[in-house]
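Colleague: Input: one structure, supplied below.
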Amino acid sequence: MSIERIWREIWTFISFRPGGIEPLHEVEVGRDNVRITVDLPGVRKEDVKLEISEIAVRLEAVCSIAGEGICYKKEIELPVEVDPSGAKARLRGGVLEIVIPIKGRKFHSVKVE
Amino acid sequence: MSVELRVRGPELKEPVLIAALPGAGLAGLIAVDHIVRTLQMVEIGFADSTMFPPIVGIEKGKAYHPIRVFVNEKEKIYAIKGEIPIPGMGIVHLTSSVMDWIDRMRPKLVILPDGVGVHNRLDIEKPRVFKAFNMENVAKLLENVVGEVLEHGYISGFPAIMLREAERRGIPAATLIVQCFPTYPDPGAAVSLLEAISQLIGVKIEVSTLEEKSEQLRMKLRELMDKTAKVTPILPGYVG
């Protein structure tokens, strides 16, 4: 990719999308889990609405910073299929962490005879 | 292609220079920005180059260069604050221009604050600062500064090239690297850096305003963080 094209892509980044602010996020695929973090400055845990399917994570959150109402919205497509029933989430200092087991990666021990 | 550093201000004897470009967690940049504000430093110059992206900053309608030079004459401190990520060779040429300028004044110390992204930042209450230097006399200065000497590892980007160039020219230099979120603006990490810088330069730096405005800053710096992560790959960096 040329430098010009990279710059064009970067500087046309639009942060204020219709319907809410798109927060920064990261997705890491581990051996057994997918770990997603989302940067949500100003948000408290009771103000996060989080939904997880086998292929995507959808979240909405609201908060107020310096008197200004803010609504975050993000749908993240996952690179692998996950088991949403095993998902765990926590919010620390305005950063949300979601850990979801990868589907089909739950191992059961078998006795060898 | 080169970088032009145009400075109109005074040339001080044996000053301290503190310089940062956007990096992991924007920690170094947030720290330098805070120093410029709290020490009421005066803008005296800028860096420009055809290698830099065609961008200007805007403050209350007025355009400004995104890489600027500031001074506080009383404390004999210069600061360089870069608000745009600079790709590879741009950093090399910027370093040469900065060093050509500061070398004339035989600086007492060049301080390079930056961040190192860590996976478990969510669980770290107070980020640790790691210290690296290019001369033994700088090691002595760092002895009374909070943080741990970086025993093994690598430093990349602007601080690395500045340290290398300072070594070549015999200029004392230190880099302070703080644990931070790799790709989220991290004012909390900048607070740890400011504590270390304050001890190193012997000047009190009030951090309460930074802590109070932490959430606003994180919102304001989202786009710069996103651009920085795309232009300069933020390596997790090996520390320890």
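Every chain in the structure tokens has a letter given in the order shown (A, B, ...), and although residue numbers restart at 1 in each chain, ligands are simply numbered from 1 in the order shown.
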Skip B:Asn134 itself and residues of its chain fewer than 2 positions away, then list as number ranges by chain all residues within 7 Å of it, counting only C-alpha atoms.
Modeller: B: 163, 167, 172-174
Colleague: Deliver the residues from the most recent selection as a file, using C-alpha atoms, as an mmCIF file, in the first residue's frame.
Modeller:
data_model
loop_
_atom_site.group_PDB
_atom_site.id
_atom_site.type_symbol
_atom_site.label_atom_id
_atom_site.label_comp_id
_atom_site.auth_asym_id
_atom_site.auth_seq_id
_atom_site.Cartn_x
_atom_site.Cartn_y
_atom_site.Cartn_z
ATOM 1 C CA LEU B 163 19.355 8.336 22.256
ATOM 2 C CA GLU B 167 25.391 9.161 22.176
ATOM 3 C CA PRO B 172 23.635 13.283 27.945
ATOM 4 C CA ALA B 173 20.215 11.746 27.352
ATOM 5 C CA ALA B 174 17.694 9.619 29.215
#
Colleague: Would you kindly report the residues of chain A within 7 Å of chain B, using only C-alpha atoms, as an NGL selection string?
Modeller: :A and (10 or 39 or 41-42 or 65 or 92)
Colleague: Using only C-alpha atoms, which of A:Glu46, A:Val80, A:Ile70, A:Gly93 sits nearest A:Gly30?
Modeller: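 When distances to A:Gly30 are compared using only C-alpha atoms, the smallest one comes from A:Val80.
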Colleague: Using atom CA of B:Ala196 and atom CA of B:Val145 as the two end points, give the distance in Å to one decimal.
Modeller: 5.6 Å
Colleague: From a backbone DSSP assignment, name each residue in stretch 4-106 of chain A labelled strand (DSSP E), as a ChimeraX atom specification.
Modeller: /A:16-17,20-21,25-29,33-39,48-52,56-65,68-77,88-92,95-101
Colleague: In Å, rounded to a single decimal, give me how far atom CA of B:Leu210 is from atom CA of B:Pro159.
Modeller: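 Those two atoms sit 23.4 Å apart.
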Colleague: Show which residues sit within 8 Å of B:Leu200, as a PyMOL selection string. Count only C-alpha atoms, and ignore same-chain residues fewer than 6 positions away.
Modeller: chain B and resi 141-142+144-145
Colleague: Mind listing the alpha helix (DSSP H) residues of stretch 66-103 of chain B, per DSSP on the backbone, as a PyMOL selection string?
Modeller: chain B and resi 88-103
Colleague: Here is a test: counting only C-alpha atoms, which residue of A:Ile55, A:Val110, A:Leu50, A:Leu40 is nearest to A:Asp83?
Modeller: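 Between A:Ile55, A:Val110, A:Leu50, A:Leu40, the residue approaching A:Asp83 most closely is A:Ile55.
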Colleague: Within 8 Å of stretch 56-63 of chain A, counting only C-alpha atoms, which residues qualify if same-chain residues fewer than 2 places away don't, as a PDB file with C-alpha atoms, in the first residue's frame?
Modeller:
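Resulting contents of part_1.pdb:
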ATOM      1  CA  LEU A  40     -15.023   3.920  26.924  1.00  0.00           C
ATOM      2  CA  GLY A  42     -16.420   8.238  31.360  1.00  0.00           C
ATOM      3  CA  VAL A  43     -18.611   5.119  31.288  1.00  0.00           C
ATOM      4  CA  ARG A  44     -19.839   3.234  34.387  1.00  0.00           C
ATOM      5  CA  ASP A  47     -24.496   2.186  31.632  1.00  0.00           C
ATOM      6  CA  VAL A  48     -23.169  -0.490  29.260  1.00  0.00           C
ATOM      7  CA  LYS A  49     -25.499  -2.636  27.164  1.00  0.00           C
ATOM      8  CA  LEU A  50     -23.560  -5.618  25.835  1.00  0.00           C
ATOM      9  CA  GLU A  51     -24.777  -8.375  23.489  1.00  0.00           C
ATOM     10  CA  ILE A  52     -22.688 -11.232  22.155  1.00  0.00           C
ATOM     11  CA  SER A  53     -23.470 -13.733  19.394  1.00  0.00           C
ATOM     12  CA  GLU A  54     -21.296 -16.516  17.978  1.00  0.00           C
ATOM     13  CA  ILE A  65     -18.063  14.136  30.222  1.00  0.00           C
ATOM     14  CA  GLY A  69     -23.798  13.662  26.863  1.00  0.00           C
ATOM     15  CA  ILE A  70     -21.963  10.932  24.961  1.00  0.00           C
ATOM     16  CA  CYS A  71     -23.284   7.758  23.374  1.00  0.00           C
ATOM     17  CA  TYR A  72     -20.853   5.062  22.255  1.00  0.00           C
ATOM     18  CA  LYS A  73     -21.971   2.426  19.754  1.00  0.00           C
ATOM     19  CA  LYS A  74     -19.934  -0.389  18.267  1.00  0.00           C
ATOM     20  CA  GLU A  75     -20.489  -3.702  16.549  1.00  0.00           C
ATOM     21  CA  ILE A  76     -17.361  -5.843  16.311  1.00  0.00           C
ATOM     22  CA  GLU A  77     -17.228  -8.811  13.960  1.00  0.00           C
ATOM     23  CA  LEU A  78     -15.182 -11.603  15.479  1.00  0.00           C
TER      24      LEU A  78
END
Colleague: If we count only C-alpha atoms and set the cut-off at 10 Å, which residues sit around B:Ser49, ignoring sequence neighbours fewer than 2 positions away in its own chain? Please answer as a PyMOL selection string.
Modeller: chain B and resi 1-5+47+51-54+90+93-94
Colleague: Store the residues of this selection in a file with C-alpha atoms, as an mmCIF file, in the first residue's frame.
Modeller:
data_model
loop_
_atom_site.group_PDB
_atom_site.id
_atom_site.type_symbol
_atom_site.label_atom_id
_atom_site.label_comp_id
_atom_site.auth_asym_id
_atom_site.auth_seq_id
_atom_site.Cartn_x
_atom_site.Cartn_y
_atom_site.Cartn_z
ATOM 1 C CA MET B 1 14.642 15.703 1.865
ATOM 2 C CA SER B 2 15.253 17.100 5.312
ATOM 3 C CA VAL B 3 13.485 18.623 8.281
ATOM 4 C CA GLU B 4 13.648 22.353 8.868
ATOM 5 C CA LEU B 5 13.654 23.362 12.517
ATOM 6 C CA ALA B 47 9.650 21.760 12.623
ATOM 7 C CA MET B 51 8.070 14.265 4.512
ATOM 8 C CA PHE B 52 5.444 15.265 7.054
ATOM 9 C CA PRO B 53 1.738 14.762 6.284
ATOM 10 C CA PRO B 54 -0.035 17.866 4.928
ATOM 11 C CA GLY B 90 10.939 11.535 8.943
ATOM 12 C CA HIS B 93 15.709 13.689 9.810
ATOM 13 C CA LEU B 94 13.762 15.356 12.624
#
Colleague: B:Val191, B:Lys220, B:Ile80, B:Ile161: which is nearest B:Val92, counting only C-alpha atoms?
Modeller: B:Ile161
Colleague: Which of these residues is nearest to B:Ile111, using only C-alpha atoms: B:Thr95, B:Thr175, B:Thr38, B:Thr50?
Modeller: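 Between B:Thr95, B:Thr175, B:Thr38, B:Thr50, the residue approaching B:Ile111 most closely is B:Thr175.
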Colleague: Enter the distance from atom CA of B:Asn137 to atom CA of B:Gly157, in Å, rounded to one decimal.
Modeller: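 It comes out at 23.9 Å.
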Colleague: Residues at most 6 Å from A:Val34, counting only C-alpha atoms, excluding those fewer than 5 positions away in the same chain, as a list in words?
Modeller: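 The residues that qualify are Glu28, Val29, Val99 and Ile100 of chain A.
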